[in-house]
$ cat protein.cif   # mmCIF, C-alpha atoms
data_upload
loop_
_atom_site.label_atom_id
_atom_site.label_comp_id
_atom_site.auth_asym_id
_atom_site.auth_seq_id
_atom_site.Cartn_x
_atom_site.Cartn_y
_atom_site.Cartn_z
CA MET A 2 17.53 33.44 1.95
CA ASN A 3 16.11 30.38 3.69
CA LEU A 4 12.50 29.58 2.84
CA SER A 5 11.69 27.61 5.98
CA ARG A 6 12.92 30.50 8.12
CA ARG A 7 10.60 32.83 6.24
CA GLY A 8 7.75 30.39 6.72
CA VAL A 9 8.25 30.35 10.47
CA LEU A 10 8.24 34.15 10.42
CA THR A 11 4.55 34.11 9.49
CA GLY A 12 3.34 31.69 12.08
CA CYS A 13 1.14 30.07 9.41
CA GLY A 14 0.49 27.15 11.70
CA ALA A 15 -2.85 26.17 10.24
CA LEU A 16 -1.38 25.24 6.88
CA GLY A 17 0.33 22.12 5.62
CA VAL A 18 4.09 22.27 5.14
CA GLY A 19 3.92 23.18 1.46
CA MET A 20 1.23 25.79 1.92
CA PHE A 21 2.89 26.89 5.17
CA LEU A 22 5.84 28.07 3.14
CA ALA A 23 3.83 29.15 0.12
CA ALA A 24 1.82 31.58 2.23
CA CYS A 25 4.90 33.74 2.40
CA ASN A 26 6.74 32.71 -0.72
CA SER A 27 4.22 32.54 -3.54
CA GLY A 28 5.99 35.20 -5.56
CA SER A 29 2.80 36.93 -6.64
CA GLU A 30 3.16 40.42 -8.04
CA SER A 31 0.96 43.48 -8.19
CA SER A 32 1.06 46.17 -10.81
CA PRO A 33 4.32 48.10 -10.92
CA ALA A 34 4.44 51.28 -8.92
CA GLY A 35 6.52 53.37 -11.27
CA THR A 36 8.51 56.08 -9.54
CA THR A 37 8.44 56.68 -5.82
CA GLY A 38 5.50 58.83 -4.78
CA ALA A 39 6.97 60.70 -1.84
CA SER A 40 4.54 62.69 0.25
CA SER A 41 4.78 66.41 0.92
CA GLY A 42 7.18 65.58 3.75
CA GLY A 43 9.86 64.58 1.25
CA THR A 44 13.51 63.96 1.96
CA ASP A 45 15.64 67.02 2.58
CA GLY A 46 18.49 66.85 0.08
CA SER A 47 20.70 68.95 2.35
CA ALA A 48 21.02 66.00 4.74
CA PHE A 49 23.23 64.06 2.33
CA PRO A 50 25.54 62.26 2.15
CA VAL A 51 24.52 59.97 5.01
CA THR A 52 26.17 56.81 6.31
CA VAL A 53 24.40 53.83 7.89
CA LYS A 54 26.17 51.07 9.84
CA HIS A 55 25.03 47.44 9.58
CA LYS A 56 26.30 43.86 9.95
CA TYR A 57 28.32 43.99 6.72
CA GLY A 58 29.95 47.36 7.32
CA THR A 59 28.69 50.80 6.35
CA THR A 60 26.65 52.16 3.47
CA THR A 61 26.83 55.70 2.18
CA VAL A 62 23.84 57.26 0.46
CA LYS A 63 25.06 60.28 -1.49
CA SER A 64 21.75 61.89 -2.47
CA ALA A 65 18.06 61.77 -1.62
CA PRO A 66 16.67 58.43 -2.86
CA LYS A 67 13.70 58.43 -5.19
CA ARG A 68 13.44 54.74 -6.07
CA VAL A 69 13.62 52.61 -2.94
CA VAL A 70 13.33 48.82 -3.11
CA CYS A 71 12.47 46.80 0.01
CA VAL A 72 14.26 43.47 0.05
CA GLY A 73 13.51 43.27 3.76
CA LEU A 74 10.02 42.08 4.61
CA CYS A 75 8.51 45.06 6.42
CA GLU A 76 10.56 48.21 5.74
CA GLN A 77 7.75 49.67 3.63
CA ASP A 78 5.92 50.75 6.79
CA SER A 79 8.87 52.78 8.07
CA LEU A 80 9.35 54.35 4.65
CA LEU A 81 5.68 55.26 4.36
CA ALA A 82 5.62 56.68 7.87
CA LEU A 83 8.49 58.95 6.84
CA GLY A 84 6.95 60.06 3.55
CA ILE A 85 8.52 57.69 1.01
CA VAL A 86 6.58 55.19 -1.11
CA PRO A 87 8.84 52.31 -2.21
CA VAL A 88 8.81 51.20 -5.83
CA ALA A 89 8.90 47.55 -4.75
CA VAL A 90 8.41 45.39 -1.66
CA THR A 91 9.01 41.70 -1.00
CA ALA A 92 6.11 39.24 -0.74
CA TRP A 93 5.55 38.00 2.78
CA LEU A 94 2.15 37.81 4.47
CA GLU A 95 0.01 38.46 1.39
CA ALA A 96 -2.99 39.61 3.41
CA ALA A 97 -3.13 42.94 1.57
CA LYS A 98 -2.45 44.11 -1.97
CA GLY A 99 1.07 45.37 -2.43
CA GLU A 100 1.86 44.30 1.15
CA ILE A 101 0.38 47.65 2.21
CA TYR A 102 -1.94 47.10 5.17
CA PRO A 103 -4.82 49.17 6.62
CA TRP A 104 -2.55 50.92 9.10
CA ALA A 105 -0.30 52.05 6.24
CA MET A 106 -2.85 52.87 3.54
CA PRO A 107 -3.41 56.48 4.71
CA LYS A 108 0.31 57.08 4.22
CA LEU A 109 0.17 55.69 0.68
CA GLY A 110 -2.41 58.28 -0.34
CA SER A 111 -3.02 58.38 -4.09
CA ALA A 112 0.33 56.81 -4.97
CA PRO A 113 0.24 53.46 -6.81
CA LEU A 114 0.88 50.26 -4.90
CA PRO A 115 4.48 49.04 -4.97
CA LYS A 116 5.51 46.17 -7.19
CA VAL A 117 5.67 42.94 -5.18
CA LEU A 118 8.84 40.91 -5.64
CA SER A 119 8.93 37.14 -5.27
CA SER A 120 10.38 35.93 -2.01
CA GLU A 121 11.22 32.47 -3.32
CA LYS A 122 14.70 33.70 -4.04
CA LEU A 123 16.59 36.95 -4.32
CA ASN A 124 16.22 37.93 -7.98
CA ILE A 125 19.02 40.39 -8.70
CA GLU A 126 17.98 40.83 -12.33
CA GLN A 127 14.40 41.68 -11.37
CA ILE A 128 15.61 44.27 -8.89
CA ALA A 129 18.04 45.74 -11.42
CA VAL A 130 15.17 46.41 -13.84
CA LEU A 131 13.59 48.67 -11.21
CA LYS A 132 16.67 50.93 -11.26
CA PRO A 133 16.76 51.47 -7.49
CA ASP A 134 18.79 54.23 -5.90
CA LEU A 135 18.44 52.67 -2.43
CA ILE A 136 17.84 49.07 -1.31
CA VAL A 137 16.75 48.35 2.26
CA ALA A 138 17.28 44.76 3.42
CA ILE A 139 17.20 45.19 7.20
CA TYR A 140 14.46 42.73 8.15
CA SER A 141 16.00 39.96 6.09
CA GLY A 142 18.51 37.15 6.09
CA ILE A 143 20.67 38.26 3.17
CA THR A 144 24.16 36.81 3.03
CA GLN A 145 27.41 38.70 2.52
CA SER A 146 27.43 37.54 -1.10
CA GLU A 147 23.87 38.75 -1.68
CA TYR A 148 24.69 42.06 -0.03
CA THR A 149 27.66 42.51 -2.36
CA LYS A 150 25.51 41.82 -5.42
CA LEU A 151 22.79 44.21 -4.28
CA SER A 152 25.35 46.91 -3.52
CA GLN A 153 26.44 46.80 -7.14
CA LEU A 154 22.94 47.98 -8.07
CA ALA A 155 22.46 50.67 -5.42
CA PRO A 156 23.47 51.59 -1.87
CA THR A 157 22.16 48.72 0.26
CA VAL A 158 21.39 48.72 3.97
CA ALA A 159 21.77 45.23 5.48
CA PRO A 160 20.47 43.95 8.85
CA ALA A 161 21.75 45.57 12.01
CA LYS A 162 24.87 44.13 13.60
CA GLY A 163 24.39 42.11 16.78
CA TYR A 164 20.98 40.61 16.02
CA PRO A 165 19.87 37.33 14.40
CA ASP A 166 18.50 37.28 10.86
CA TYR A 167 14.98 38.75 10.86
CA GLY A 168 15.68 39.94 14.39
CA THR A 169 16.48 43.65 14.08
CA PRO A 170 14.20 45.41 16.60
CA TRP A 171 11.49 47.56 15.05
CA SER A 172 12.90 50.70 16.67
CA THR A 173 16.41 50.06 15.34
CA LEU A 174 15.05 49.20 11.89
CA THR A 175 12.95 52.36 11.79
CA GLN A 176 15.91 54.54 12.72
CA MET A 177 18.15 52.84 10.13
CA VAL A 178 15.56 53.49 7.42
CA ALA A 179 15.21 57.10 8.56
CA ASP A 180 18.97 57.60 8.49
CA ALA A 181 19.25 56.10 5.00
CA ILE A 182 16.71 58.55 3.58
CA GLY A 183 18.19 61.55 5.36
CA LYS A 184 15.47 61.84 8.02
CA HIS A 185 17.30 61.02 11.24
CA ASP A 186 15.37 63.43 13.46
CA GLU A 187 11.99 62.45 12.00
CA GLY A 188 12.87 58.80 12.59
CA ALA A 189 13.79 59.44 16.21
CA THR A 190 10.53 61.31 16.76
CA LEU A 191 8.54 58.48 15.17
CA VAL A 192 10.21 55.85 17.35
CA LYS A 193 9.61 57.89 20.50
CA SER A 194 5.94 58.39 19.67
CA VAL A 195 5.34 54.64 19.27
CA GLN A 196 7.38 53.81 22.36
CA ALA A 197 5.20 56.28 24.27
CA LYS A 198 2.09 54.32 23.23
CA LEU A 199 3.66 51.08 24.46
CA THR A 200 4.68 52.70 27.73
CA ALA A 201 1.18 54.11 28.21
CA ALA A 202 -0.36 50.67 27.67
CA LYS A 203 2.05 49.15 30.19
CA LYS A 204 1.30 51.86 32.76
CA ALA A 205 -2.44 51.39 32.31
CA HIS A 206 -2.12 47.64 32.90
CA PRO A 207 0.15 47.03 35.91
CA GLN A 208 -1.15 43.45 36.04
CA PHE A 209 1.05 42.69 33.02
CA VAL A 210 4.31 43.55 34.75
CA GLY A 211 6.48 40.59 35.68
CA LYS A 212 4.24 37.92 34.21
CA THR A 213 5.77 35.44 31.79
CA ALA A 214 4.66 35.37 28.16
CA ILE A 215 5.80 33.45 25.10
CA VAL A 216 4.82 33.35 21.42
CA ALA A 217 4.74 30.05 19.55
CA THR A 218 3.47 28.39 16.41
CA THR A 219 2.97 24.84 15.18
CA TYR A 220 6.01 24.15 13.04
CA GLU A 221 8.28 21.13 13.39
CA GLY A 222 6.54 20.38 16.67
CA ALA A 223 6.19 23.65 18.54
CA TYR A 224 8.25 26.60 17.36
CA LEU A 225 9.02 29.11 20.09
CA TYR A 226 9.98 32.65 19.15
CA GLY A 227 13.05 33.71 21.12
CA PRO A 228 13.46 36.75 23.38
CA ASP A 229 15.06 38.82 20.61
CA ASP A 230 12.26 38.24 18.12
CA PRO A 231 10.23 41.43 17.47
CA ARG A 232 7.03 39.70 18.61
CA SER A 233 8.61 38.82 21.94
CA GLN A 234 9.89 42.36 22.27
CA ILE A 235 6.32 43.66 22.15
CA GLN A 236 5.46 41.55 25.22
CA HIS A 237 8.56 42.90 26.96
CA ALA A 238 7.59 46.49 26.17
CA LEU A 239 4.20 45.85 27.79
CA GLY A 240 5.81 44.57 30.98
CA PHE A 241 5.93 40.83 30.43
CA THR A 242 9.09 38.76 30.89
CA TYR A 243 10.41 36.00 28.65
CA PRO A 244 10.41 32.55 30.32
CA ALA A 245 13.91 31.72 31.59
CA LYS A 246 13.33 28.07 30.67
CA PHE A 247 13.53 28.89 26.96
CA LYS A 248 15.71 32.01 26.93
CA ASP A 249 18.35 30.22 24.83
CA ILE A 250 15.88 28.51 22.47
CA GLY A 251 16.96 30.47 19.43
CA GLY A 252 20.72 30.48 19.85
CA THR A 253 21.81 32.83 17.09
CA SER A 254 18.41 32.58 15.38
CA PHE A 255 15.06 34.21 16.17
CA GLY A 256 13.62 31.05 17.74
CA GLY A 257 13.69 27.28 17.77
CA SER A 258 11.55 24.15 17.84
CA ILE A 259 10.79 21.61 20.52
CA SER A 260 9.12 18.28 19.84
CA ALA A 261 5.35 17.97 20.05
CA GLU A 262 5.88 15.61 22.98
CA ARG A 263 7.22 18.56 25.00
CA ALA A 264 4.16 20.74 24.43
CA LYS A 265 3.19 20.48 28.11
CA GLU A 266 6.30 22.53 28.91
CA ILE A 267 4.77 25.56 27.19
CA ASP A 268 2.97 26.57 30.36
CA PHE A 269 3.37 30.22 31.35
CA ASP A 270 1.28 33.15 32.53
CA VAL A 271 0.36 33.93 28.91
CA VAL A 272 0.88 31.74 25.86
CA VAL A 273 0.26 33.23 22.42
CA TRP A 274 -0.19 30.82 19.53
CA LEU A 275 0.18 32.06 15.97
CA ALA A 276 -2.24 29.32 15.00
CA SER A 277 -5.85 28.34 15.56
CA GLU A 278 -6.95 26.38 18.61
CA ALA A 279 -7.86 23.43 16.40
CA ASP A 280 -4.47 23.47 14.72
CA VAL A 281 -2.62 23.47 18.04
CA LYS A 282 -4.68 20.55 19.29
CA THR A 283 -4.20 18.55 16.10
CA LYS A 284 -0.50 19.24 15.56
CA LEU A 285 0.51 18.72 19.19
CA GLY A 286 -1.70 15.73 19.89
CA GLY A 287 -3.77 17.43 22.57
CA LEU A 288 -0.78 17.76 24.90
CA TYR A 289 -0.90 21.55 25.14
CA GLU A 290 -4.49 21.32 26.37
CA GLN A 291 -3.10 19.62 29.51
CA THR A 292 -1.31 22.81 30.59
CA ARG A 293 -2.56 25.23 33.24
CA ALA A 294 -2.22 28.04 30.70
CA PHE A 295 -4.89 26.37 28.59
CA LYS A 296 -7.13 25.19 31.42
CA GLN A 297 -7.10 28.59 33.13
CA GLY A 298 -7.90 30.60 30.00
CA ARG A 299 -4.46 32.18 29.63
CA THR A 300 -4.02 31.28 25.97
CA ILE A 301 -4.35 33.67 23.04
CA TYR A 302 -4.90 32.23 19.56
CA ILE A 303 -3.99 34.31 16.52
CA PRO A 304 -4.78 32.15 13.45
CA SER A 305 -3.27 33.04 10.09
CA SER A 306 -6.67 33.10 8.40
CA ILE A 307 -10.14 34.22 9.42
CA SER A 308 -12.37 31.37 10.59
CA ASP A 309 -14.46 29.72 7.88
CA SER A 310 -12.66 31.83 5.31
CA LYS A 311 -9.59 31.55 3.13
CA LYS A 312 -8.84 35.21 3.73
CA ASN A 313 -5.51 35.83 5.44
CA SER A 314 -5.83 37.57 8.78
CA THR A 315 -4.92 41.26 8.91
CA TYR A 316 -4.60 40.98 12.68
CA ALA A 317 -2.08 38.14 12.40
CA SER A 318 -0.17 40.30 9.93
CA ALA A 319 -0.04 43.20 12.39
CA PHE A 320 1.19 40.91 15.14
CA THR A 321 3.88 39.51 12.87
CA MET A 322 5.13 42.67 11.15
CA VAL A 323 5.83 44.82 14.26
CA THR A 324 6.38 48.22 12.63
CA PRO A 325 5.86 51.84 13.74
CA LEU A 326 2.57 51.84 11.84
CA SER A 327 1.29 48.39 12.81
CA ILE A 328 2.02 48.62 16.55
CA PRO A 329 -0.61 51.29 17.39
CA TRP A 330 -3.19 49.38 15.31
CA LEU A 331 -2.22 46.15 17.08
CA LEU A 332 -2.40 47.54 20.60
CA THR A 333 -6.09 48.42 20.38
CA ARG A 334 -6.85 44.75 19.72
CA TYR A 335 -4.07 42.88 21.52
CA VAL A 336 -4.14 44.65 24.89
CA PRO A 337 -7.78 43.59 25.52
CA GLN A 338 -6.77 39.99 24.76
CA LEU A 339 -3.88 40.17 27.22
CA THR A 340 -6.17 41.73 29.82
CA ALA A 341 -8.60 38.84 29.48
CA ALA A 342 -5.78 36.30 29.65
CA VAL A 343 -4.44 37.56 32.99
CA ASP A 344 -7.74 38.43 34.70
CA GLY A 345 -7.43 35.47 37.06
CA ASN A 346 -10.76 33.98 36.02
CA PRO A 347 -10.38 30.51 34.43
CA ALA A 348 -13.84 30.89 32.91
CA THR A 349 -12.68 33.80 30.75
CA LYS A 350 -11.79 32.59 27.29
CA VAL A 351 -9.83 35.07 25.22
CA LYS A 352 -11.77 36.04 22.12
CA VAL A 353 -10.14 35.53 18.72
CA VAL A 354 -9.82 38.74 16.71
CA ALA A 355 -11.56 38.05 13.39
CA GLU A 356 -9.98 40.71 11.20
#

$ encode --input "protein.cif" --output "structure tokens"
Amino acid sequence: MNLSRRGVLTGCGALGVGMFLAACNSGSESSPAGTTGASSGGTDGSAFPVTVKHKYGTTTVKSAPKRVVCVGLCEQDSLLALGIVPVAVTAWLEAAKGEIYPWAMPKLGSAPLPKVLSSEKLNIEQIAVLKPDLIVAIYSGITQSEYTKLSQLAPTVAPAKGYPDYGTPWSTLTQMVADAIGKHDEGATLVKSVQAKLTAAKKAHPQFVGKTAIVATTYEGAYLYGPDDPRSQIQHALGFTYPAKFKDIGGTSFGGSISAERAKEIDFDVVVWLASEADVKTKLGGLYEQTRAFKQGRTIYIPSSISDSKKNSTYASAFTMVTPLSIPWLLTRYVPQLTAAVDGNPATKVKVVAE
């Protein structure tokens, strides 16, 4: 799995190149979780066997899994929402112990935190020691060869077919996880409940509908997240449209870079930077500040760390993860920012969420 791609996934724009990647690939580990601590809403064994389709074919899970390993970067939230505590997760944002964030902690209950696997490389031997009976690698960039190796350890669910690496929509990912653990109906209900919250937010803010919005970070110039990226899909769900100018920016990936010299082209109704204002100004030579989006207060900054602190931002993590548990938490903070950005008053500066 490509490290630079994982680095871009965080939007750690305020960091140098080495630290930019290290923020998601440090390989730190928490204490092992032991066996899966499923909640009282455990998997119904009568649902098995189940079959899940993905980009490398189909995977059959013959019995209710008890030791689930997350090779994908955010599947733990879907598992927790459906009553399963994974034995291991993969290091990514590192803004919370065990990669279990405030929106997911109530679902963890008294169960131990999962073991955190290094994301520097896929360590088959380390995963084998955990004796998994299911591996979920949906929000990932695993290759066919890696999938084959993982499948020799346990039934493995790869990314969905038809999407770029790290581009499976949150709703599709959630349903795939639910299907793999024998909870299809519960998964469908969960997806519908979150979609209802997004729809309600859109309905309550008709001023969002039809306006253009884009998400970017400062990496190799300016990195623009494409229309299929989960972050972009959140804007779409709220009524915003992706700028036609950059609709092909990602090709078969989840986004792509333009040179810093082209920063003035990032000028839309709303521009969201996964970086601090200072970082954008420094990295892009002050060119973005020449846009109308900046001058008219239509820019939202989501830095990777809290100002004057080395603490990683929980809010930036919520914006990046895009899961059935993080989305409701995100909306209560992000919708007010969007509202301020499109209020038509150039004097309104969108407040940075310091969480």

$ residues_around --input "protein.cif" --residues "Leu339 of chain A" --least-positions-apart "3" --cutoff "12 Å" --atoms "all atoms listed in the file" --output "ChimeraX atom specification"
/A:202-203,206-210,212-215,235-236,239-241,270-273,298-302,331-336,342-345,349-353

$ resolve_selection --input "protein.cif" --expression "the PyMOL selection byres ((chain A and resi 244-261) around 6)" --output "PyMOL selection string"
chain A and resi 165+213+222-227+230+243+262-264+285

$ resolve_selection --input "protein.cif" --expression "the PyMOL selection byres ((chain A and resi 330) around 12)" --output "number ranges by chain"
A: 102-105, 195, 198-199, 315-320, 322-329, 331-336, 356

$ resolve_selection --input "protein.cif" --expression "the PyMOL selection byres ((chain A and resi 125) around 9)" --output "list in words"
Leu123, Asn124, Glu126, Gln127, Ile128, Ala129, Val130, Glu147, Lys150, Leu151 and Leu154 of chain A

$ atom_distance --input "protein.cif" --atom1 "atom CA of Trp93 of chain A" --atom2 "atom CA of Cys75 of chain A"
8.5 Å

$ atom_distance --input "protein.cif" --atom1 "atom CA of Ala205 of chain A" --atom2 "atom CA of Lys108 of chain A"
28.8 Å

$ residues_around --input "protein.cif" --residues "Val158 of chain A" --least-positions-apart "3" --cutoff "8 Å" --atoms "all atoms listed in the file" --output "PyMOL selection string"
chain A and resi 53-55+59-60+136-139+181

$ atom_distance --input "protein.cif" --atom1 "atom CA of Val51 of chain A" --atom2 "atom CA of His185 of chain A"
9.6 Å

$ closest_residue --input "protein.cif" --among "A:Leu131, A:Ser172, A:Ser111, A:Tyr57" --to "Ser146 of chain A" --atoms "all atoms listed in the file"
A:Tyr57

$ residues_near_point --input "protein.cif" --point "(-5.4, 19.9, 24.6)" --cutoff "12 Å" --atoms "only C-alpha atoms" --output "ChimeraX atom specification"
/A:261,264-265,267,278-296,300

$ write_last_selection --input "protein.cif" --atoms "C-alpha atoms" --output "PDB file, keeping the file's coordinate frame"
ATOM      1  CA  ALA A 261       5.350  17.970  20.050  1.00  0.00           C
ATOM      2  CA  ALA A 264       4.160  20.740  24.430  1.00  0.00           C
ATOM      3  CA  LYS A 265       3.190  20.480  28.110  1.00  0.00           C
ATOM      4  CA  ILE A 267       4.770  25.560  27.190  1.00  0.00           C
ATOM      5  CA  GLU A 278      -6.950  26.380  18.610  1.00  0.00           C
ATOM      6  CA  ALA A 279      -7.860  23.430  16.400  1.00  0.00           C
ATOM      7  CA  ASP A 280      -4.470  23.470  14.720  1.00  0.00           C
ATOM      8  CA  VAL A 281      -2.620  23.470  18.040  1.00  0.00           C
ATOM      9  CA  LYS A 282      -4.680  20.550  19.290  1.00  0.00           C
ATOM     10  CA  THR A 283      -4.200  18.550  16.100  1.00  0.00           C
ATOM     11  CA  LYS A 284      -0.500  19.240  15.560  1.00  0.00           C
ATOM     12  CA  LEU A 285       0.510  18.720  19.190  1.00  0.00           C
ATOM     13  CA  GLY A 286      -1.700  15.730  19.890  1.00  0.00           C
ATOM     14  CA  GLY A 287      -3.770  17.430  22.570  1.00  0.00           C
ATOM     15  CA  LEU A 288      -0.780  17.760  24.900  1.00  0.00           C
ATOM     16  CA  TYR A 289      -0.900  21.550  25.140  1.00  0.00           C
ATOM     17  CA  GLU A 290      -4.490  21.320  26.370  1.00  0.00           C
ATOM     18  CA  GLN A 291      -3.100  19.620  29.510  1.00  0.00           C
ATOM     19  CA  THR A 292      -1.310  22.810  30.590  1.00  0.00           C
ATOM     20  CA  ARG A 293      -2.560  25.230  33.240  1.00  0.00           C
ATOM     21  CA  ALA A 294      -2.220  28.040  30.700  1.00  0.00           C
ATOM     22  CA  PHE A 295      -4.890  26.370  28.590  1.00  0.00           C
ATOM     23  CA  LYS A 296      -7.130  25.190  31.420  1.00  0.00           C
ATOM     24  CA  THR A 300      -4.020  31.280  25.970  1.00  0.00           C
TER      25      THR A 300
END

$ closest_residue --input "protein.cif" --among "A:Ala161, A:Asp166, A:Gly183, A:His237" --to "Gln196 of chain A" --atoms "all atoms listed in the file"
A:His237

$ closest_residue --input "protein.cif" --among "A:Thr175, A:Arg68, A:Gly73, A:Ser233" --to "Lys132 of chain A" --atoms "all atoms listed in the file"
A:Arg68

$ closest_residue --input "protein.cif" --among "A:Ala159, A:Leu83, A:Val70, A:Ala197" --to "Lys116 of chain A" --atoms "only C-alpha atoms"
A:Val70

$ closest_residue --input "protein.cif" --among "A:Lys193, A:Lys162, A:Lys184, A:Arg232" --to "Lys56 of chain A" --atoms "all atoms listed in the file"
A:Lys162

$ axis_aligned_box --input "protein.cif" --around "segment 282-286 of chain A" --padding-each-side "5 Å" --output "JSON"
{"center_x": -2.1, "center_y": 18.1, "center_z": 17.7, "size_x": 15.2, "size_y": 14.8, "size_z": 14.3}

$ build_atoms --input "protein.cif" --residues "segment 176-194 of chain A" --atoms "N, CA and C atoms" --output "PDB file, in the frame of the given file"
ATOM      1  N   GLN A 176      14.884  53.501  12.704  1.00  0.00           N
ATOM      2  CA  GLN A 176      15.910  54.540  12.720  1.00  0.00           C
ATOM      3  C   GLN A 176      16.906  54.354  11.578  1.00  0.00           C
ATOM      4  N   MET A 177      17.242  53.107  11.247  1.00  0.00           N
ATOM      5  CA  MET A 177      18.150  52.840  10.130  1.00  0.00           C
ATOM      6  C   MET A 177      17.542  53.310   8.813  1.00  0.00           C
ATOM      7  N   VAL A 178      16.247  53.032   8.622  1.00  0.00           N
ATOM      8  CA  VAL A 178      15.560  53.490   7.420  1.00  0.00           C
ATOM      9  C   VAL A 178      15.562  55.017   7.370  1.00  0.00           C
ATOM     10  N   ALA A 179      15.242  55.637   8.492  1.00  0.00           N
ATOM     11  CA  ALA A 179      15.210  57.100   8.560  1.00  0.00           C
ATOM     12  C   ALA A 179      16.576  57.695   8.223  1.00  0.00           C
ATOM     13  N   ASP A 180      17.624  57.107   8.761  1.00  0.00           N
ATOM     14  CA  ASP A 180      18.970  57.600   8.490  1.00  0.00           C
ATOM     15  C   ASP A 180      19.318  57.471   7.010  1.00  0.00           C
ATOM     16  N   ALA A 181      18.916  56.348   6.404  1.00  0.00           N
ATOM     17  CA  ALA A 181      19.250  56.100   5.000  1.00  0.00           C
ATOM     18  C   ALA A 181      18.577  57.076   4.053  1.00  0.00           C
ATOM     19  N   ILE A 182      17.417  57.601   4.451  1.00  0.00           N
ATOM     20  CA  ILE A 182      16.710  58.550   3.580  1.00  0.00           C
ATOM     21  C   ILE A 182      16.904  59.994   4.041  1.00  0.00           C
ATOM     22  N   GLY A 183      17.863  60.187   4.934  1.00  0.00           N
ATOM     23  CA  GLY A 183      18.190  61.550   5.360  1.00  0.00           C
ATOM     24  C   GLY A 183      17.193  62.167   6.314  1.00  0.00           C
ATOM     25  N   LYS A 184      16.488  61.329   7.098  1.00  0.00           N
ATOM     26  CA  LYS A 184      15.470  61.840   8.020  1.00  0.00           C
ATOM     27  C   LYS A 184      15.726  61.333   9.439  1.00  0.00           C
ATOM     28  N   HIS A 185      16.932  61.531   9.923  1.00  0.00           N
ATOM     29  CA  HIS A 185      17.300  61.020  11.240  1.00  0.00           C
ATOM     30  C   HIS A 185      16.373  61.543  12.331  1.00  0.00           C
ATOM     31  N   ASP A 186      16.182  62.842  12.390  1.00  0.00           N
ATOM     32  CA  ASP A 186      15.370  63.430  13.460  1.00  0.00           C
ATOM     33  C   ASP A 186      13.917  62.972  13.383  1.00  0.00           C
ATOM     34  N   GLU A 187      13.370  62.910  12.163  1.00  0.00           N
ATOM     35  CA  GLU A 187      11.990  62.450  12.000  1.00  0.00           C
ATOM     36  C   GLU A 187      11.851  61.001  12.456  1.00  0.00           C
ATOM     37  N   GLY A 188      12.885  60.193  12.159  1.00  0.00           N
ATOM     38  CA  GLY A 188      12.870  58.800  12.590  1.00  0.00           C
ATOM     39  C   GLY A 188      12.877  58.671  14.101  1.00  0.00           C
ATOM     40  N   ALA A 189      13.718  59.471  14.741  1.00  0.00           N
ATOM     41  CA  ALA A 189      13.790  59.440  16.210  1.00  0.00           C
ATOM     42  C   ALA A 189      12.467  59.847  16.831  1.00  0.00           C
ATOM     43  N   THR A 190      11.832  60.849  16.254  1.00  0.00           N
ATOM     44  CA  THR A 190      10.530  61.310  16.760  1.00  0.00           C
ATOM     45  C   THR A 190       9.472  60.224  16.587  1.00  0.00           C
ATOM     46  N   LEU A 191       9.492  59.555  15.441  1.00  0.00           N
ATOM     47  CA  LEU A 191       8.540  58.480  15.170  1.00  0.00           C
ATOM     48  C   LEU A 191       8.706  57.345  16.171  1.00  0.00           C
ATOM     49  N   VAL A 192       9.943  56.938  16.399  1.00  0.00           N
ATOM     50  CA  VAL A 192      10.210  55.850  17.350  1.00  0.00           C
ATOM     51  C   VAL A 192       9.719  56.236  18.745  1.00  0.00           C
ATOM     52  N   LYS A 193      10.022  57.438  19.168  1.00  0.00           N
ATOM     53  CA  LYS A 193       9.610  57.890  20.500  1.00  0.00           C
ATOM     54  C   LYS A 193       8.091  57.918  20.648  1.00  0.00           C
ATOM     55  N   SER A 194       7.406  58.303  19.589  1.00  0.00           N
ATOM     56  CA  SER A 194       5.940  58.390  19.670  1.00  0.00           C
ATOM     57  C   SER A 194       5.316  57.006  19.833  1.00  0.00           C
TER      58      SER A 194
END
